[in-house]
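Note: the block below is start-v7.pdb and it holds PDB, C-alpha atoms.
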ATOM      1  CA  SER A   1      19.166  -4.077 -15.770  1.00  0.00           C
ATOM      2  CA  ILE A   2      18.654  -1.074 -13.480  1.00  0.00           C
ATOM      3  CA  TYR A   3      19.249  -3.185 -10.379  1.00  0.00           C
ATOM      4  CA  GLN A   4      22.451  -4.742 -11.696  1.00  0.00           C
ATOM      5  CA  THR A   5      23.761  -1.341 -12.792  1.00  0.00           C
ATOM      6  CA  ALA A   6      23.091   0.133  -9.321  1.00  0.00           C
ATOM      7  CA  ALA A   7      24.645  -2.894  -7.596  1.00  0.00           C
ATOM      8  CA  GLY A   8      27.716  -2.627  -9.856  1.00  0.00           C
ATOM      9  CA  VAL A   9      28.261   1.024  -8.920  1.00  0.00           C
ATOM     10  CA  ILE A  10      27.977   0.192  -5.210  1.00  0.00           C
ATOM     11  CA  LYS A  11      30.379  -2.732  -5.608  1.00  0.00           C
ATOM     12  CA  ARG A  12      32.999  -0.548  -7.299  1.00  0.00           C
ATOM     13  CA  THR A  13      32.550   2.332  -4.845  1.00  0.00           C
ATOM     14  CA  ASN A  14      32.211   0.524  -1.508  1.00  0.00           C
ATOM     15  CA  LYS A  15      31.887  -3.251  -1.675  1.00  0.00           C
ATOM     16  CA  SER A  16      30.991  -3.530   2.025  1.00  0.00           C
ATOM     17  CA  LEU A  17      27.679  -1.710   1.408  1.00  0.00           C
ATOM     18  CA  LEU A  18      26.456  -4.323  -1.070  1.00  0.00           C
ATOM     19  CA  SER A  19      25.198  -6.637   1.711  1.00  0.00           C
ATOM     20  CA  HIS A  20      23.161  -3.743   3.114  1.00  0.00           C
ATOM     21  CA  PHE A  21      21.677  -2.795  -0.260  1.00  0.00           C
ATOM     22  CA  GLU A  22      17.865  -2.691   0.075  1.00  0.00           C
ATOM     23  CA  GLY A  23      16.810  -2.088  -3.546  1.00  0.00           C
ATOM     24  CA  CYS A  24      16.546   0.603  -6.156  1.00  0.00           C
ATOM     25  CA  GLY A  25      12.862   1.513  -6.365  1.00  0.00           C
ATOM     26  CA  PHE A  26       9.687   0.636  -8.201  1.00  0.00           C
ATOM     27  CA  GLY A  27       7.322   1.698 -10.955  1.00  0.00           C
ATOM     28  CA  MET A  28       4.415   4.035 -10.279  1.00  0.00           C
ATOM     29  CA  GLY A  29       0.985   3.779 -11.921  1.00  0.00           C
ATOM     30  CA  LEU A  30      -2.558   3.299 -10.685  1.00  0.00           C
ATOM     31  CA  GLU A  31      -0.971   2.305  -7.390  1.00  0.00           C
ATOM     32  CA  PHE A  32       1.743   4.346  -5.730  1.00  0.00           C
ATOM     33  CA  ARG A  33       3.897   1.198  -5.746  1.00  0.00           C
ATOM     34  CA  GLU A  34       3.157  -1.272  -8.524  1.00  0.00           C
ATOM     35  CA  ASN A  35       4.094  -4.730  -7.250  1.00  0.00           C
ATOM     36  CA  ASN A  36       4.876  -6.057 -10.724  1.00  0.00           C
ATOM     37  CA  MET A  37       7.227  -3.146 -11.392  1.00  0.00           C
ATOM     38  CA  VAL A  38       9.635  -3.491  -8.462  1.00  0.00           C
ATOM     39  CA  LEU A  39      13.154  -2.743  -9.739  1.00  0.00           C
ATOM     40  CA  SER A  40      14.674  -5.971  -8.496  1.00  0.00           C
ATOM     41  CA  GLU A  41      17.288  -8.326  -9.877  1.00  0.00           C
ATOM     42  CA  LYS A  42      14.619 -10.733 -11.184  1.00  0.00           C
ATOM     43  CA  ASN A  43      12.463  -8.143 -12.938  1.00  0.00           C
ATOM     44  CA  THR A  44      13.045  -8.236 -16.705  1.00  0.00           C
ATOM     45  CA  THR A  45      10.305  -5.770 -17.725  1.00  0.00           C
ATOM     46  CA  GLN A  46      11.354  -3.517 -20.581  1.00  0.00           C
ATOM     47  CA  MET A  47      11.057   0.205 -19.849  1.00  0.00           C
ATOM     48  CA  LYS A  48       8.687   2.037 -22.205  1.00  0.00           C
ATOM     49  CA  ASP A  49       8.067   5.636 -23.076  1.00  0.00           C
ATOM     50  CA  GLY A  50       5.760   7.313 -20.549  1.00  0.00           C
ATOM     51  CA  MET A  51       6.533   5.060 -17.569  1.00  0.00           C
ATOM     52  CA  VAL A  52       7.134   6.745 -14.199  1.00  0.00           C
ATOM     53  CA  LEU A  53       9.756   5.278 -11.865  1.00  0.00           C
ATOM     54  CA  ASN A  54      10.559   5.961  -8.236  1.00  0.00           C
ATOM     55  CA  PHE A  55      14.304   5.348  -8.313  1.00  0.00           C
ATOM     56  CA  SER A  56      15.628   4.984  -4.788  1.00  0.00           C
ATOM     57  CA  ILE A  57      18.861   3.718  -3.297  1.00  0.00           C
ATOM     58  CA  GLY A  58      18.485   2.400   0.241  1.00  0.00           C
ATOM     59  CA  PHE A  59      20.739   0.750   2.785  1.00  0.00           C
ATOM     60  CA  LYS A  60      19.719  -0.952   6.029  1.00  0.00           C
ATOM     61  CA  ASN A  61      21.471  -2.192   9.177  1.00  0.00           C
ATOM     62  CA  LEU A  62      24.278   0.343   8.906  1.00  0.00           C
ATOM     63  CA  LYS A  63      26.335   0.929  12.055  1.00  0.00           C
ATOM     64  CA  ASP A  64      27.698   4.283  13.140  1.00  0.00           C
ATOM     65  CA  ARG A  65      31.391   4.041  13.958  1.00  0.00           C
ATOM     66  CA  GLU A  66      31.282   6.516  16.842  1.00  0.00           C
ATOM     67  CA  SER A  67      27.999   5.724  18.626  1.00  0.00           C
ATOM     68  CA  ASN A  68      27.773   2.122  17.410  1.00  0.00           C
ATOM     69  CA  LYS A  69      24.067   2.707  16.674  1.00  0.00           C
ATOM     70  CA  VAL A  70      22.303   0.897  13.849  1.00  0.00           C
ATOM     71  CA  TYR A  71      20.542   3.070  11.281  1.00  0.00           C
ATOM     72  CA  ALA A  72      19.214   3.062   7.731  1.00  0.00           C
ATOM     73  CA  MET A  73      19.298   5.630   4.946  1.00  0.00           C
ATOM     74  CA  GLN A  74      17.641   6.162   1.585  1.00  0.00           C
ATOM     75  CA  ILE A  75      17.641   8.690  -1.232  1.00  0.00           C
ATOM     76  CA  ALA A  76      15.031   8.737  -3.988  1.00  0.00           C
ATOM     77  CA  ASP A  77      14.004  10.571  -7.135  1.00  0.00           C
ATOM     78  CA  THR A  78      11.097  10.251  -9.541  1.00  0.00           C
ATOM     79  CA  TYR A  79      11.813   9.884 -13.255  1.00  0.00           C
ATOM     80  CA  LEU A  80       9.721   9.883 -16.411  1.00  0.00           C
ATOM     81  CA  VAL A  81      10.892   7.570 -19.173  1.00  0.00           C
ATOM     82  CA  SER A  82      10.948   9.851 -22.207  1.00  0.00           C
ATOM     83  CA  SER A  83      12.420   9.299 -25.654  1.00  0.00           C
ATOM     84  CA  ASN A  84      12.383  13.076 -26.190  1.00  0.00           C
ATOM     85  CA  SER A  85      15.136  13.566 -23.615  1.00  0.00           C
ATOM     86  CA  SER A  86      18.763  13.222 -24.629  1.00  0.00           C
ATOM     87  CA  ASP A  87      19.461  10.660 -21.873  1.00  0.00           C
ATOM     88  CA  GLY A  88      16.110   8.849 -22.194  1.00  0.00           C
ATOM     89  CA  HIS A  89      14.522  10.117 -19.019  1.00  0.00           C
ATOM     90  CA  LYS A  90      13.240  13.286 -17.371  1.00  0.00           C
ATOM     91  CA  LEU A  91      13.782  14.134 -13.702  1.00  0.00           C
ATOM     92  CA  LEU A  92      10.475  14.998 -11.983  1.00  0.00           C
ATOM     93  CA  THR A  93      11.963  15.904  -8.580  1.00  0.00           C
ATOM     94  CA  PRO A  94      14.545  18.643  -9.215  1.00  0.00           C
ATOM     95  CA  VAL A  95      15.342  19.562  -5.593  1.00  0.00           C
ATOM     96  CA  HIS A  96      18.450  20.472  -3.596  1.00  0.00           C
ATOM     97  CA  ARG A  97      20.809  17.612  -2.761  1.00  0.00           C
ATOM     98  CA  ALA A  98      23.530  19.378  -0.800  1.00  0.00           C
ATOM     99  CA  TRP A  99      23.753  18.128   2.789  1.00  0.00           C
ATOM    100  CA  ASP A 100      23.234  21.571   4.300  1.00  0.00           C
ATOM    101  CA  LYS A 101      20.046  21.950   2.228  1.00  0.00           C
ATOM    102  CA  VAL A 102      18.392  18.647   3.132  1.00  0.00           C
ATOM    103  CA  ALA A 103      19.786  17.759   6.574  1.00  0.00           C
ATOM    104  CA  LEU A 104      17.915  18.498   9.781  1.00  0.00           C
ATOM    105  CA  GLU A 105      19.582  18.162  13.170  1.00  0.00           C
ATOM    106  CA  ILE A 106      17.498  17.933  16.341  1.00  0.00           C
ATOM    107  CA  GLU A 107      19.070  18.922  19.624  1.00  0.00           C
ATOM    108  CA  GLY A 108      19.013  16.441  22.478  1.00  0.00           C
ATOM    109  CA  ASP A 109      19.932  12.811  22.908  1.00  0.00           C
ATOM    110  CA  ASP A 110      17.593   9.964  22.057  1.00  0.00           C
ATOM    111  CA  ASP A 111      18.755   8.097  25.170  1.00  0.00           C
ATOM    112  CA  ASP A 112      16.424  10.241  27.287  1.00  0.00           C
ATOM    113  CA  ASN A 113      13.405   8.812  25.490  1.00  0.00           C
ATOM    114  CA  GLU A 114      14.416   5.140  25.374  1.00  0.00           C
ATOM    115  CA  GLU A 115      11.872   4.185  28.026  1.00  0.00           C
ATOM    116  CA  GLU A 116       9.033   5.948  26.223  1.00  0.00           C
ATOM    117  CA  GLU A 117       6.912   4.027  23.803  1.00  0.00           C
ATOM    118  CA  THR A 118       7.981   4.711  20.244  1.00  0.00           C
ATOM    119  CA  LYS A 119       5.247   5.927  17.943  1.00  0.00           C
ATOM    120  CA  PRO A 120       5.320   6.054  14.148  1.00  0.00           C
ATOM    121  CA  THR A 121       5.876   9.532  12.763  1.00  0.00           C
ATOM    122  CA  TYR A 122       4.053   8.751   9.539  1.00  0.00           C
ATOM    123  CA  GLU A 123       1.909   6.092   7.918  1.00  0.00           C
ATOM    124  CA  ASN A 124       2.640   4.589   4.565  1.00  0.00           C
ATOM    125  CA  HIS A 125       0.293   4.670   1.615  1.00  0.00           C
ATOM    126  CA  TYR A 126      -1.087   1.162   2.087  1.00  0.00           C
ATOM    127  CA  GLU A 127      -1.844   1.633   5.792  1.00  0.00           C
ATOM    128  CA  ILE A 128      -3.833   4.785   4.994  1.00  0.00           C
ATOM    129  CA  ARG A 129      -5.820   2.961   2.310  1.00  0.00           C
ATOM    130  CA  ARG A 130      -6.498   0.035   4.688  1.00  0.00           C
ATOM    131  CA  LYS A 131      -7.816   2.374   7.378  1.00  0.00           C
ATOM    132  CA  ARG A 132      -9.941   4.230   4.825  1.00  0.00           C
ATOM    133  CA  ARG A 133     -11.516   0.946   3.668  1.00  0.00           C
ATOM    134  CA  MET A 134     -12.245  -0.017   7.287  1.00  0.00           C
ATOM    135  CA  GLU A 135     -13.870   3.364   7.953  1.00  0.00           C
ATOM    136  CA  GLU A 136     -15.984   3.071   4.796  1.00  0.00           C
ATOM    137  CA  ALA A 137     -17.076  -0.448   5.786  1.00  0.00           C
ATOM    138  CA  GLN A 138     -18.023   0.730   9.284  1.00  0.00           C
ATOM    139  CA  SER A 139     -19.902   3.724   7.849  1.00  0.00           C
ATOM    140  CA  SER A 140     -21.770   1.465   5.394  1.00  0.00           C
ATOM    141  CA  LYS A 141     -22.673  -0.967   8.187  1.00  0.00           C
ATOM    142  CA  LYS A 142     -23.954   1.891  10.370  1.00  0.00           C
ATOM    143  CA  HIS A 143     -26.003   3.250   7.455  1.00  0.00           C
ATOM    144  CA  GLU A 144     -27.571  -0.183   6.905  1.00  0.00           C
ATOM    145  CA  GLU A 145     -28.462  -0.435  10.600  1.00  0.00           C
ATOM    146  CA  ILE A 146     -30.145   2.993  10.481  1.00  0.00           C
ATOM    147  CA  GLU A 147     -32.156   2.000   7.400  1.00  0.00           C
ATOM    148  CA  ARG A 148     -33.190  -1.269   9.061  1.00  0.00           C
ATOM    149  CA  GLU A 149     -34.349   0.577  12.179  1.00  0.00           C
ATOM    150  CA  GLN A 150     -36.299   3.047  10.033  1.00  0.00           C
ATOM    151  CA  ARG A 151     -37.997   0.200   8.143  1.00  0.00           C
ATOM    152  CA  GLU A 152     -38.917  -1.526  11.394  1.00  0.00           C
ATOM    153  CA  LEU A 153     -40.295   1.729  12.810  1.00  0.00           C
ATOM    154  CA  ALA A 154     -42.333   2.421   9.658  1.00  0.00           C
ATOM    155  CA  LYS A 155     -43.686  -1.127   9.712  1.00  0.00           C
ATOM    156  CA  LYS A 156     -44.649  -0.776  13.361  1.00  0.00           C
ATOM    157  CA  LYS A 157     -46.439   2.515  12.714  1.00  0.00           C
ATOM    158  CA  GLN A 158     -48.256   1.031   9.723  1.00  0.00           C
ATOM    159  CA  GLU A 159     -49.431  -1.976  11.740  1.00  0.00           C
ATOM    160  CA  ASP A 160     -50.582   0.339  14.525  1.00  0.00           C
ATOM    161  CA  LEU A 161     -52.527   2.472  12.034  1.00  0.00           C
ATOM    162  CA  LEU A 162     -54.177  -0.601  10.529  1.00  0.00           C
ATOM    163  CA  ARG A 163     -55.283  -1.770  13.971  1.00  0.00           C
ATOM    164  CA  ARG A 164     -56.772   1.634  14.717  1.00  0.00           C
ATOM    165  CA  LEU A 165     -58.528   1.715  11.350  1.00  0.00           C
ATOM    166  CA  ALA A 166     -59.999  -1.715  12.031  1.00  0.00           C
ATOM    167  CA  LYS A 167     -61.338  -0.489  15.368  1.00  0.00           C
ATOM    168  CA  GLY A 168     -62.692   2.731  13.834  1.00  0.00           C
ATOM    169  CA  ASP A 169     -61.013   4.954  16.404  1.00  0.00           C
ATOM    170  CA  VAL A 170     -58.610   6.855  14.172  1.00  0.00           C
ATOM    171  CA  ASP A 171     -60.474  10.134  14.647  1.00  0.00           C
ATOM    172  CA  GLN A 172     -60.251   9.666  18.409  1.00  0.00           C
ATOM    173  CA  THR A 173     -56.591  10.527  18.279  1.00  0.00           C
ATOM    174  CA  PHE A 174     -57.484  14.081  17.269  1.00  0.00           C
ATOM    175  CA  ASP A 175     -59.310  16.750  19.198  1.00  0.00           C
ATOM    176  CA  ASP A 176     -63.043  15.915  19.220  1.00  0.00           C
ATOM    177  CA  LYS A 177     -63.867  19.533  18.369  1.00  0.00           C
ATOM    178  CA  LYS A 178     -61.780  19.292  15.204  1.00  0.00           C
ATOM    179  CA  THR A 179     -63.072  15.986  13.877  1.00  0.00           C
ATOM    180  CA  PHE A 180     -64.489  16.126  10.389  1.00  0.00           C
ATOM    181  CA  ASP A 181     -66.728  13.788   8.451  1.00  0.00           C
ATOM    182  CA  TYR A 182     -64.706  13.057   5.328  1.00  0.00           C
ATOM    183  CA  SER A 183     -67.683  11.343   3.704  1.00  0.00           C
ATOM    184  CA  LYS A 184     -69.168  14.798   3.078  1.00  0.00           C
ATOM    185  CA  ILE A 185     -66.400  15.588   0.608  1.00  0.00           C
ATOM    186  CA  ASN A 186     -67.855  15.020  -2.852  1.00  0.00           C
ATOM    187  CA  ALA A 187     -66.444  17.133  -5.659  1.00  0.00           C
ATOM    188  CA  TYR A 188     -68.274  15.266  -8.440  1.00  0.00           C
ATOM    189  CA  ARG A 189     -71.545  13.392  -8.130  1.00  0.00           C
ATOM    190  CA  SER A 190     -70.882  11.361 -11.277  1.00  0.00           C
ATOM    191  CA  VAL A 191     -68.366  10.929 -14.106  1.00  0.00           C
ATOM    192  CA  SER A 192     -70.407  13.252 -16.294  1.00  0.00           C
ATOM    193  CA  ASP A 193     -69.488  16.092 -13.943  1.00  0.00           C
ATOM    194  CA  PHE A 194     -65.790  15.717 -14.730  1.00  0.00           C
ATOM    195  CA  PRO A 195     -64.326  18.799 -16.478  1.00  0.00           C
ATOM    196  CA  PRO A 196     -64.149  18.270 -20.258  1.00  0.00           C
ATOM    197  CA  GLN A 197     -60.671  19.800 -20.369  1.00  0.00           C
ATOM    198  CA  ALA A 198     -59.211  16.853 -18.412  1.00  0.00           C
ATOM    199  CA  ARG A 199     -56.926  14.624 -20.505  1.00  0.00           C
ATOM    200  CA  PRO A 200     -56.269  10.920 -19.954  1.00  0.00           C
ATOM    201  CA  ASN A 201     -53.119  10.057 -17.992  1.00  0.00           C
ATOM    202  CA  GLN A 202     -52.536  13.704 -17.095  1.00  0.00           C
ATOM    203  CA  ILE A 203     -52.830  15.579 -13.838  1.00  0.00           C
ATOM    204  CA  HIS A 204     -55.627  18.147 -14.035  1.00  0.00           C
ATOM    205  CA  VAL A 205     -56.356  20.985 -11.586  1.00  0.00           C
ATOM    206  CA  ASP A 206     -60.036  21.931 -11.426  1.00  0.00           C
ATOM    207  CA  ILE A 207     -59.978  25.430  -9.936  1.00  0.00           C
ATOM    208  CA  ARG A 208     -63.769  25.783  -9.892  1.00  0.00           C
ATOM    209  CA  LYS A 209     -64.229  22.612  -7.825  1.00  0.00           C
ATOM    210  CA  GLU A 210     -60.961  23.101  -5.914  1.00  0.00           C
ATOM    211  CA  THR A 211     -59.987  19.587  -6.916  1.00  0.00           C
ATOM    212  CA  ILE A 212     -56.914  17.868  -8.361  1.00  0.00           C
ATOM    213  CA  LEU A 213     -57.525  14.861 -10.646  1.00  0.00           C
ATOM    214  CA  LEU A 214     -54.732  12.265 -10.532  1.00  0.00           C
ATOM    215  CA  PRO A 215     -54.585   9.285 -12.927  1.00  0.00           C
ATOM    216  CA  ILE A 216     -54.233   5.938 -11.149  1.00  0.00           C
ATOM    217  CA  PHE A 217     -53.228   2.859 -13.152  1.00  0.00           C
ATOM    218  CA  ARG A 218     -53.761   4.885 -16.352  1.00  0.00           C
ATOM    219  CA  GLN A 219     -57.322   5.622 -15.356  1.00  0.00           C
ATOM    220  CA  LEU A 220     -58.377   9.244 -14.801  1.00  0.00           C
TER     221      LEU A 220
END
As structure tokens, please, write out the structure in this file.
Amino acid sequence: SIYQTAAGVIKRTNKSLLSHFEGCGFGMGLEFRENNMVLSEKNTTQMKDGMVLNFSIGFKNLKDRESNKVYAMQIADTYLVSSNSSDGHKLLTPVHRAWDKVALEIEGDDDDNEEEETKPTYENHYEIRRKRRMEEAQSSKKHEEIEREQRELAKKKQEDLLRRLAKGDVDQTFDDKKTFDYSKINAYRSVSDFPPQARPNQIHVDIRKETILLPIFRQL
């Protein structure tokens, strides 16, 4: 397997690193890290054409000989399993690997900041997704509360209007000089006055009478 091959190379090269060996990667698919495609010793999944693998070699709890500090290190590449390639795979991350191309040294000693609270410099993929789900849930809850408040306000206004209609004082809310007797509006005295061009179940605009006919419950 991939894991056993990687472990064998480490054992032949530097046997002492085998106890610090963290793993050799995972498969990538719908999720950035597919849990059923972890390249572990127990995984017996057969590689197939078109699969994408994040092949990484990592070591933890390493100790620097000079400073006696504990550190970890990892190197990774992304590969495409491809039968068209001579070696069966295609490298998707062709970048520099020389130490002077990838190393970054920061001046200053970390001992000066030991008393300061350490903060993460980045968040992993799953933490970002968890926070996004929490934000979406909070946004959805806030939207529901706004809709509930709007429904309650509309219901309150409707009840208030019904009370005013029952008392007959709706027109009192307007300026007395602008009140109008709506009972005087009478476009048609009878059904026979309806325009003959009007069609059932269709909206009709009567320009001569300045009237719009709207069908209600399929009745014109």
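Counting only C-alpha atoms, the residue from A:Ile185, A:Ile10, A:Ile216, A:Val191 that sits nearest to Phe59 (chain A) is A:Ile10.
Considering the residues A:Gly25, A:Val205, A:Ser67, A:Arg130 and counting all atoms listed in the file, Tyr79 (chain A) has its shortest atom-to-atom contact with A:Gly25.
Among the candidates A:Arg33, A:Asp160, A:Glu22, A:Lys42, the one nearest to Ile75 (chain A) when counting only C-alpha atoms is A:Glu22.
The interatomic distance for the pair CA of Ala103 (chain A) and CA of Met73 (chain A) works out to 12.2 Å.
In this structure, CA of Gly58 (chain A) sits 6.9 Å away from CA of Cys24 (chain A).
One distance worth recording is that between CA of Val81 (chain A) and CA of Leu53 (chain A), which is 7.7 Å.
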So for region 158-164 of chain A, what box centre and size do we get, axis-aligned, 5 Å extra on each of the six sides, every listed atom, Å to one decimal, as JSON?
{"center_x": -52.5, "center_y": 0.2, "center_z": 12.2, "size_x": 18.5, "size_y": 14.4, "size_z": 15.0}
TODO: Find the residues around Leu18 (chain A) up to 10 Å (all atoms listed in the file counted), leave out those fewer than 4 positions away in its own chain, and share them as a ChimeraX atom specification.
DONE: /A:6-14,22,59
Open item on the list: Please expand the PyMOL selection byres ((chain A and resi 40) around 9) into the concrete residues it hits in this file, giving the result as a VMD selection string.
Closed with: chain A and resid 1 to 4 23 to 26 37 to 39 41 to 44
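Residues in contact with Lys209 (chain A) at up to 12 Å, not including ones fewer than 3 positions away on its chain and judged by all atoms listed in the file, are Ile185, Asn186, Ala187, Tyr188, Arg189, Asp193, Phe194, Pro195, His204, Val205, Asp206, Ile212 and Leu213 of chain A.
Closest to Met51 (chain A) among A:Ala72, A:Ala198, A:Leu214, A:Leu80 is A:Leu80, based on all atoms listed in the file.
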Open item on the list: Counting all atoms listed in the file, I want the residues whose atoms come within 6 Å of (12.5, 4.6, -23.2) in the file frame, returned as a PyMOL selection string.
Closed with: chain A and resi 47-49+81-83+88
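Each of A:Val52, A:Ile128, A:Met134, A:Leu62 was checked against Leu92 (chain A) using all atoms listed in the file; the smallest atom-to-atom distance is that of A:Val52.
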TODO: For Tyr71 (chain A), work out the shell of residues within 8 Å, counting only C-alpha atoms and skipping chain neighbours fewer than 4 positions away, then give it as a PyMOL selection string.
DONE: chain A and resi 60-64
Generate the output file for the selected residues, C-alpha atoms, as a compact mmCIF listing (two decimals), in the frame of the given file.
# COMPACT_ATOMS: atom_id res chain seq x y z
CA LYS A 60 19.72 -0.95 6.03
CA ASN A 61 21.47 -2.19 9.18
CA LEU A 62 24.28 0.34 8.91
CA LYS A 63 26.34 0.93 12.06
CA ASP A 64 27.70 4.28 13.14
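In this comparison, which uses only C-alpha atoms, the residue of A:Ile57, A:Lys184, A:Thr5, A:Phe32 approaching His20 (chain A) most closely is A:Ile57.
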Task: Selection: 12 Å around Asn84 (chain A), only C-alpha atoms, excl. self and same-chain fewer than 5 positions, as number ranges by chain - done: A: 49-50, 89-90
